[in-house]
$ cat upload.cif   # mmCIF, C-alpha atoms
data_upload
#
loop_
_atom_site.label_atom_id
_atom_site.label_comp_id
_atom_site.auth_asym_id
_atom_site.auth_seq_id
_atom_site.Cartn_x
_atom_site.Cartn_y
_atom_site.Cartn_z
CA MET A 281 32.82 62.82 127.02
CA ASN A 282 34.61 64.07 130.13
CA LEU A 283 35.39 61.48 132.78
CA GLN A 284 37.07 62.64 136.00
CA ILE A 285 39.05 59.87 137.67
CA SER A 286 41.32 59.79 140.69
CA GLY A 287 43.17 57.53 143.09
CA ILE A 288 46.60 56.67 144.42
CA PHE A 289 49.72 55.16 142.97
CA GLN A 290 52.40 53.47 145.06
CA ILE A 291 56.04 53.48 143.96
CA THR A 292 57.30 49.90 144.20
CA SER A 293 60.80 50.40 142.78
CA TRP A 294 63.07 53.37 142.04
CA ASP A 295 66.43 53.11 140.26
CA GLU A 296 68.09 56.53 139.83
CA ILE A 297 71.50 57.05 138.22
CA THR A 298 73.54 60.26 138.31
CA ASP A 299 74.52 61.19 134.76
CA ILE A 300 76.28 64.51 135.49
CA GLN A 301 77.51 65.77 138.89
CA HIS A 302 78.50 69.43 139.42
CA PRO A 303 80.89 70.64 142.16
CA ASP A 304 78.13 72.64 143.92
CA GLY A 305 75.92 69.53 144.30
CA ALA A 306 73.69 70.21 141.31
CA LYS A 307 73.24 67.17 139.09
CA GLN A 308 71.34 65.58 136.25
CA THR A 309 69.94 62.08 136.78
CA SER A 310 67.79 59.49 135.08
CA ALA A 311 65.34 57.20 136.85
CA SER A 312 63.45 54.02 136.00
CA ILE A 313 60.45 53.47 138.26
CA THR A 314 57.65 50.94 138.78
CA GLN A 315 54.30 52.01 140.26
CA MET A 316 51.02 50.31 141.18
CA TYR A 317 47.80 52.23 140.51
CA SER A 318 44.62 51.91 142.57
CA GLY A 319 41.38 53.82 142.58
CA ASP A 320 39.69 54.57 139.26
CA LEU A 321 42.80 53.22 137.48
CA GLU A 322 43.88 49.69 138.40
CA GLY A 323 47.22 48.39 137.18
CA VAL A 324 50.93 49.04 136.85
CA SER A 325 53.14 51.65 135.19
CA GLN A 326 56.78 52.19 134.34
CA PRO A 327 57.86 55.85 134.28
CA LYS A 328 61.26 56.94 133.00
CA TYR A 329 62.30 60.42 134.13
CA ILE A 330 65.19 62.75 133.37
CA MET A 331 65.79 65.08 136.34
CA CYS A 332 67.76 68.25 136.87
CA TYR A 333 68.57 69.02 140.53
CA THR A 334 69.78 72.41 141.71
CA ALA A 335 72.41 72.74 144.45
CA ASP A 336 69.65 73.28 147.07
CA GLY A 337 68.02 69.91 146.25
CA MET A 338 65.06 71.19 144.25
CA ALA A 339 64.50 69.57 140.87
CA VAL A 340 62.53 69.64 137.65
CA PHE A 341 61.83 66.51 135.66
CA CYS A 342 60.30 65.32 132.43
CA GLY A 343 59.65 61.89 131.04
CA TYR A 344 57.28 59.25 129.78
CA GLU A 345 55.23 56.68 131.67
CA ASN A 346 53.88 53.50 130.13
CA VAL A 347 50.61 52.76 131.95
CA GLU A 348 48.93 49.31 131.77
CA VAL A 349 45.56 49.60 133.50
CA SER A 350 41.86 49.08 133.43
CA VAL A 351 39.66 52.17 133.50
CA ASN A 352 35.88 52.37 133.36
CA GLY A 353 35.67 48.64 132.52
CA LYS A 354 38.20 48.80 129.67
CA SER A 355 41.75 47.38 129.71
CA GLY A 356 44.84 48.37 127.78
CA SER A 357 47.75 50.74 127.92
CA PHE A 358 48.75 54.30 127.08
CA VAL A 359 51.69 56.65 127.56
CA LEU A 360 51.79 59.76 129.76
CA GLN A 361 54.14 62.68 129.05
CA HIS A 362 55.24 64.39 132.30
CA ASP A 363 56.38 67.91 133.18
CA GLY A 364 57.12 67.97 136.90
CA LYS A 365 59.02 69.42 139.83
CA PHE A 366 60.33 68.37 143.23
CA GLU A 367 60.52 70.98 145.98
CA ILE A 368 60.27 70.97 149.77
CA GLY A 369 59.98 67.17 149.71
CA VAL A 370 56.95 67.06 147.39
CA ALA A 371 56.93 65.85 143.79
CA SER A 372 54.20 67.03 141.45
CA SER A 373 53.56 66.76 137.75
CA ARG A 374 51.24 67.90 135.04
CA PHE A 375 50.85 65.23 132.38
CA MET A 376 48.99 64.43 129.19
CA ILE A 377 48.14 61.20 127.45
CA VAL A 378 50.38 61.04 124.38
CA PRO A 379 48.10 61.22 121.33
CA ASN A 380 47.60 57.87 119.55
CA SER A 381 49.48 55.97 122.28
CA GLY A 382 46.46 53.94 123.44
CA GLN A 383 46.48 50.16 123.03
CA GLY A 384 43.89 47.44 123.53
CA GLU A 385 40.48 48.70 124.60
CA LEU A 386 42.05 52.10 125.34
CA VAL A 387 43.13 52.72 121.73
CA ASN A 388 41.23 56.06 121.48
CA ILE A 389 42.00 57.40 124.97
CA GLU A 390 42.80 61.12 125.34
CA GLY A 391 43.22 63.31 128.40
CA HIS A 392 45.42 65.11 130.90
CA GLY A 393 45.98 65.27 134.63
CA THR A 394 48.20 65.86 137.64
CA PHE A 395 49.78 64.06 140.57
CA THR A 396 51.11 65.21 143.93
CA SER A 397 53.25 62.98 146.12
CA GLY A 398 52.40 62.16 149.71
CA GLU A 399 54.22 59.99 152.22
CA LYS A 400 55.86 56.57 151.92
CA GLY A 401 56.14 56.57 148.12
CA GLN A 402 52.46 57.27 147.46
CA ALA A 403 50.94 59.98 145.30
CA GLN A 404 47.42 61.11 144.53
CA TYR A 405 46.50 61.41 140.87
CA GLN A 406 43.66 63.14 139.04
CA LEU A 407 43.00 62.47 135.38
CA GLU A 408 40.43 64.00 133.07
CA ILE A 409 39.69 61.64 130.20
CA THR A 410 38.23 63.54 127.26
CA GLN A 411 37.82 60.49 125.02
CA LEU A 412 37.72 56.81 125.87
#

$ encode --input "upload.cif" --output "structure tokens"
Amino acid sequence: MNLQISGIFQITSWDEITDIQHPDGAKQTSASITQMYSGDLEGVSQPKYIMCYTADGMAVFCGYENVEVSVNGKSGSFVLQHDGKFEIGVASSRFMIVPNSGQGELVNIEGHGTFTSGEKGQAQYQLEITQL
């Protein structure tokens, strides 16, 4: 089964703390975020990212996102593992559903996807679900 889903998520809170600051402006930070999903996914998520900024303001990040949503008529939660970057004002990530992380009616969910940020704290997501 391959199910292609898409939509938008809206960041509703962002709490970022600088863990290490370098003299040239480079830094490592950690962020706790809340997001609301709409589109083919409906619900809320809580990503936690570790970010590494270069002196020019570009960054790479990784982290995990607990997603509590309904998809295709089923409700539950799962965890996404992110591998992303931030450059020229745009954040993007490739992510996968962590194997065996599904809960509720999403207990067997598997898949992978991407997001790209837009304006005003919104991002477009695409997710290919290979098992539901």

$ closest_residue --input "upload.cif" --among "A:Phe366, A:Phe395, A:Phe358, A:Tyr344" --to "A:Asn380" --atoms "only C-alpha atoms"
A:Phe358

$ closest_residue --input "upload.cif" --among "A:Ile389, A:Ile288, A:Ala403, A:Leu412" --to "A:Ser318" --atoms "only C-alpha atoms"
A:Ile288

$ closest_residue --input "upload.cif" --among "A:Gln361, A:Lys354, A:Asp299, A:Glu322" --to "A:Ser381" --atoms "all atoms listed in the file"
A:Gln361

$ closest_residue --input "upload.cif" --among "A:Cys332, A:Leu321, A:Val359, A:Ala306" --to "A:Phe289" --atoms "only C-alpha atoms"
A:Leu321

$ resolve_selection --input "upload.cif" --expression "the PyMOL selection byres ((chain A and resi 335) around 7)" --output "PyMOL selection string"
chain A and resi 304-306+333-334+336-337

$ residues_around --input "upload.cif" --residues "stretch 291-295 of chain A" --least-positions-apart "6" --cutoff "9 Å" --atoms "only C-alpha atoms" --output "PyMOL selection string"
chain A and resi 310-316+400-403

$ write_last_selection --input "upload.cif" --atoms "C-alpha atoms" --output "CSV table (one decimal), in the frame of the given file"
chain,number,residue,atom,x,y,z
A,310,SER,CA,67.8,59.5,135.1
A,311,ALA,CA,65.3,57.2,136.8
A,312,SER,CA,63.4,54.0,136.0
A,313,ILE,CA,60.4,53.5,138.3
A,314,THR,CA,57.6,50.9,138.8
A,315,GLN,CA,54.3,52.0,140.3
A,316,MET,CA,51.0,50.3,141.2
A,400,LYS,CA,55.9,56.6,151.9
A,401,GLY,CA,56.1,56.6,148.1
A,402,GLN,CA,52.5,57.3,147.5
A,403,ALA,CA,50.9,60.0,145.3

$ closest_residue --input "upload.cif" --among "A:Ile300, A:Ser372, A:Gly323, A:Val351" --to "A:Ile409" --atoms "only C-alpha atoms"
A:Val351

$ resolve_selection --input "upload.cif" --expression "the PyMOL selection byres ((chain A and resi 373) around 7)" --output "CSV table (one decimal) with C-alpha atoms, in the coordinates of the input"
chain,number,residue,atom,x,y,z
A,362,HIS,CA,55.2,64.4,132.3
A,363,ASP,CA,56.4,67.9,133.2
A,364,GLY,CA,57.1,68.0,136.9
A,365,LYS,CA,59.0,69.4,139.8
A,371,ALA,CA,56.9,65.8,143.8
A,372,SER,CA,54.2,67.0,141.4
A,374,ARG,CA,51.2,67.9,135.0
A,375,PHE,CA,50.8,65.2,132.4
A,394,THR,CA,48.2,65.9,137.6
A,395,PHE,CA,49.8,64.1,140.6
A,396,THR,CA,51.1,65.2,143.9

$ decode --input "upload.cif" --residues "stretch 362-378 of chain A" --atoms "all heavy atoms" --output "PDB file, in the first residue's frame"
ATOM      1  N   HIS A 362      14.037  13.348  11.925  1.00  0.00           N
ATOM      2  CA  HIS A 362      14.352  14.394  10.949  1.00  0.00           C
ATOM      3  C   HIS A 362      15.839  14.515  10.656  1.00  0.00           C
ATOM      4  O   HIS A 362      16.675  14.332  11.540  1.00  0.00           O
ATOM      5  CB  HIS A 362      13.878  15.754  11.476  1.00  0.00           C
ATOM      6  CG  HIS A 362      12.411  15.951  11.408  1.00  0.00           C
ATOM      7  ND1 HIS A 362      11.771  16.442  10.299  1.00  0.00           N
ATOM      8  CD2 HIS A 362      11.436  15.702  12.320  1.00  0.00           C
ATOM      9  CE1 HIS A 362      10.474  16.515  10.531  1.00  0.00           C
ATOM     10  NE2 HIS A 362      10.248  16.068  11.753  1.00  0.00           N
ATOM     11  N   ASP A 363      16.140  14.904   9.419  1.00  0.00           N
ATOM     12  CA  ASP A 363      17.480  15.272   8.964  1.00  0.00           C
ATOM     13  C   ASP A 363      17.281  16.500   8.078  1.00  0.00           C
ATOM     14  O   ASP A 363      16.833  16.376   6.940  1.00  0.00           O
ATOM     15  CB  ASP A 363      18.113  14.121   8.179  1.00  0.00           C
ATOM     16  CG  ASP A 363      19.481  14.459   7.630  1.00  0.00           C
ATOM     17  OD1 ASP A 363      20.130  15.396   8.152  1.00  0.00           O
ATOM     18  OD2 ASP A 363      19.910  13.786   6.673  1.00  0.00           O
ATOM     19  N   GLY A 364      17.558  17.701   8.627  1.00  0.00           N
ATOM     20  CA  GLY A 364      17.181  18.906   7.906  1.00  0.00           C
ATOM     21  C   GLY A 364      18.265  19.953   7.805  1.00  0.00           C
ATOM     22  O   GLY A 364      19.380  19.785   8.311  1.00  0.00           O
ATOM     23  N   LYS A 365      17.894  21.046   7.132  1.00  0.00           N
ATOM     24  CA  LYS A 365      18.813  22.178   6.970  1.00  0.00           C
ATOM     25  C   LYS A 365      18.010  23.470   6.928  1.00  0.00           C
ATOM     26  O   LYS A 365      16.804  23.464   6.663  1.00  0.00           O
ATOM     27  CB  LYS A 365      19.655  22.020   5.716  1.00  0.00           C
ATOM     28  CG  LYS A 365      18.842  22.037   4.431  1.00  0.00           C
ATOM     29  CD  LYS A 365      19.714  21.814   3.218  1.00  0.00           C
ATOM     30  CE  LYS A 365      18.862  21.761   1.949  1.00  0.00           C
ATOM     31  NZ  LYS A 365      19.676  21.561   0.761  1.00  0.00           N
ATOM     32  N   PHE A 366      18.701  24.568   7.214  1.00  0.00           N
ATOM     33  CA  PHE A 366      18.128  25.908   7.134  1.00  0.00           C
ATOM     34  C   PHE A 366      19.119  26.761   6.364  1.00  0.00           C
ATOM     35  O   PHE A 366      20.268  26.918   6.782  1.00  0.00           O
ATOM     36  CB  PHE A 366      17.906  26.474   8.537  1.00  0.00           C
ATOM     37  CG  PHE A 366      17.388  27.883   8.546  1.00  0.00           C
ATOM     38  CD1 PHE A 366      16.050  28.144   8.298  1.00  0.00           C
ATOM     39  CD2 PHE A 366      18.237  28.943   8.787  1.00  0.00           C
ATOM     40  CE1 PHE A 366      15.561  29.448   8.295  1.00  0.00           C
ATOM     41  CE2 PHE A 366      17.762  30.251   8.783  1.00  0.00           C
ATOM     42  CZ  PHE A 366      16.421  30.501   8.548  1.00  0.00           C
ATOM     43  N   GLU A 367      18.698  27.268   5.199  1.00  0.00           N
ATOM     44  CA  GLU A 367      19.565  28.135   4.415  1.00  0.00           C
ATOM     45  C   GLU A 367      18.726  29.105   3.588  1.00  0.00           C
ATOM     46  O   GLU A 367      17.652  28.754   3.123  1.00  0.00           O
ATOM     47  CB  GLU A 367      20.527  27.343   3.529  1.00  0.00           C
ATOM     48  CG  GLU A 367      19.887  26.396   2.562  1.00  0.00           C
ATOM     49  CD  GLU A 367      20.904  25.535   1.828  1.00  0.00           C
ATOM     50  OE1 GLU A 367      22.107  25.805   1.885  1.00  0.00           O
ATOM     51  OE2 GLU A 367      20.475  24.561   1.187  1.00  0.00           O
ATOM     52  N   ILE A 368      19.222  30.326   3.498  1.00  0.00           N
ATOM     53  CA  ILE A 368      18.558  31.401   2.763  1.00  0.00           C
ATOM     54  C   ILE A 368      17.110  31.560   3.241  1.00  0.00           C
ATOM     55  O   ILE A 368      16.186  31.735   2.464  1.00  0.00           O
ATOM     56  CB  ILE A 368      18.645  31.197   1.239  1.00  0.00           C
ATOM     57  CG1 ILE A 368      20.070  30.811   0.811  1.00  0.00           C
ATOM     58  CG2 ILE A 368      18.221  32.465   0.501  1.00  0.00           C
ATOM     59  CD1 ILE A 368      20.193  30.374  -0.634  1.00  0.00           C
ATOM     60  N   GLY A 369      16.898  31.436   4.549  1.00  0.00           N
ATOM     61  CA  GLY A 369      15.589  31.660   5.136  1.00  0.00           C
ATOM     62  C   GLY A 369      14.589  30.537   4.993  1.00  0.00           C
ATOM     63  O   GLY A 369      13.428  30.692   5.365  1.00  0.00           O
ATOM     64  N   VAL A 370      15.002  29.390   4.447  1.00  0.00           N
ATOM     65  CA  VAL A 370      14.082  28.277   4.227  1.00  0.00           C
ATOM     66  C   VAL A 370      14.575  27.047   4.990  1.00  0.00           C
ATOM     67  O   VAL A 370      15.730  26.637   4.858  1.00  0.00           O
ATOM     68  CB  VAL A 370      13.974  27.943   2.719  1.00  0.00           C
ATOM     69  CG1 VAL A 370      13.118  26.710   2.491  1.00  0.00           C
ATOM     70  CG2 VAL A 370      13.419  29.130   1.948  1.00  0.00           C
ATOM     71  N   ALA A 371      13.684  26.463   5.778  1.00  0.00           N
ATOM     72  CA  ALA A 371      13.974  25.205   6.460  1.00  0.00           C
ATOM     73  C   ALA A 371      13.381  24.067   5.643  1.00  0.00           C
ATOM     74  O   ALA A 371      12.283  24.188   5.085  1.00  0.00           O
ATOM     75  CB  ALA A 371      13.379  25.199   7.865  1.00  0.00           C
ATOM     76  N   SER A 372      14.119  22.964   5.566  1.00  0.00           N
ATOM     77  CA  SER A 372      13.609  21.775   4.892  1.00  0.00           C
ATOM     78  C   SER A 372      14.137  20.545   5.615  1.00  0.00           C
ATOM     79  O   SER A 372      15.170  20.612   6.286  1.00  0.00           O
ATOM     80  CB  SER A 372      14.023  21.753   3.414  1.00  0.00           C
ATOM     81  OG  SER A 372      15.429  21.736   3.283  1.00  0.00           O
ATOM     82  N   SER A 373      13.414  19.458   5.472  1.00  0.00           N
ATOM     83  CA  SER A 373      13.818  18.230   6.139  1.00  0.00           C
ATOM     84  C   SER A 373      13.360  17.022   5.352  1.00  0.00           C
ATOM     85  O   SER A 373      12.298  17.035   4.740  1.00  0.00           O
ATOM     86  CB  SER A 373      13.230  18.156   7.549  1.00  0.00           C
ATOM     87  OG  SER A 373      13.559  16.936   8.179  1.00  0.00           O
ATOM     88  N   ARG A 374      14.180  15.999   5.403  1.00  0.00           N
ATOM     89  CA  ARG A 374      13.772  14.663   4.996  1.00  0.00           C
ATOM     90  C   ARG A 374      13.514  13.925   6.308  1.00  0.00           C
ATOM     91  O   ARG A 374      14.271  14.083   7.262  1.00  0.00           O
ATOM     92  CB  ARG A 374      14.877  13.950   4.220  1.00  0.00           C
ATOM     93  CG  ARG A 374      15.120  14.589   2.842  1.00  0.00           C
ATOM     94  CD  ARG A 374      16.327  13.993   2.173  1.00  0.00           C
ATOM     95  NE  ARG A 374      17.497  14.371   3.000  1.00  0.00           N
ATOM     96  CZ  ARG A 374      18.607  13.668   3.115  1.00  0.00           C
ATOM     97  NH1 ARG A 374      18.753  12.540   2.475  1.00  0.00           N
ATOM     98  NH2 ARG A 374      19.588  14.086   3.880  1.00  0.00           N
ATOM     99  N   PHE A 375      12.446  13.151   6.357  1.00  0.00           N
ATOM    100  CA  PHE A 375      12.139  12.440   7.596  1.00  0.00           C
ATOM    101  C   PHE A 375      11.589  11.059   7.297  1.00  0.00           C
ATOM    102  O   PHE A 375      11.164  10.768   6.180  1.00  0.00           O
ATOM    103  CB  PHE A 375      11.175  13.233   8.478  1.00  0.00           C
ATOM    104  CG  PHE A 375       9.885  13.636   7.807  1.00  0.00           C
ATOM    105  CD1 PHE A 375       8.838  12.745   7.674  1.00  0.00           C
ATOM    106  CD2 PHE A 375       9.721  14.925   7.328  1.00  0.00           C
ATOM    107  CE1 PHE A 375       7.645  13.127   7.069  1.00  0.00           C
ATOM    108  CE2 PHE A 375       8.536  15.325   6.722  1.00  0.00           C
ATOM    109  CZ  PHE A 375       7.495  14.415   6.592  1.00  0.00           C
ATOM    110  N   MET A 376      11.647  10.215   8.317  1.00  0.00           N
ATOM    111  CA  MET A 376      11.068   8.875   8.229  1.00  0.00           C
ATOM    112  C   MET A 376      10.271   8.601   9.490  1.00  0.00           C
ATOM    113  O   MET A 376      10.552   9.179  10.551  1.00  0.00           O
ATOM    114  CB  MET A 376      12.149   7.810   8.058  1.00  0.00           C
ATOM    115  CG  MET A 376      13.095   7.705   9.234  1.00  0.00           C
ATOM    116  SD  MET A 376      14.245   6.337   9.068  1.00  0.00           S
ATOM    117  CE  MET A 376      13.562   5.200  10.252  1.00  0.00           C
ATOM    118  N   ILE A 377       9.260   7.776   9.366  1.00  0.00           N
ATOM    119  CA  ILE A 377       8.531   7.320  10.546  1.00  0.00           C
ATOM    120  C   ILE A 377       9.411   6.286  11.244  1.00  0.00           C
ATOM    121  O   ILE A 377       9.867   5.323  10.620  1.00  0.00           O
ATOM    122  CB  ILE A 377       7.163   6.719  10.162  1.00  0.00           C
ATOM    123  CG1 ILE A 377       6.278   7.808   9.508  1.00  0.00           C
ATOM    124  CG2 ILE A 377       6.478   6.126  11.381  1.00  0.00           C
ATOM    125  CD1 ILE A 377       4.972   7.299   8.938  1.00  0.00           C
ATOM    126  N   VAL A 378       9.698   6.519  12.520  1.00  0.00           N
ATOM    127  CA  VAL A 378      10.532   5.593  13.282  1.00  0.00           C
ATOM    128  C   VAL A 378       9.823   4.241  13.344  1.00  0.00           C
ATOM    129  O   VAL A 378       8.646   4.178  13.741  1.00  0.00           O
ATOM    130  CB  VAL A 378      10.811   6.147  14.699  1.00  0.00           C
ATOM    131  CG1 VAL A 378      11.544   5.118  15.548  1.00  0.00           C
ATOM    132  CG2 VAL A 378      11.600   7.452  14.621  1.00  0.00           C
TER     133      VAL A 378
END
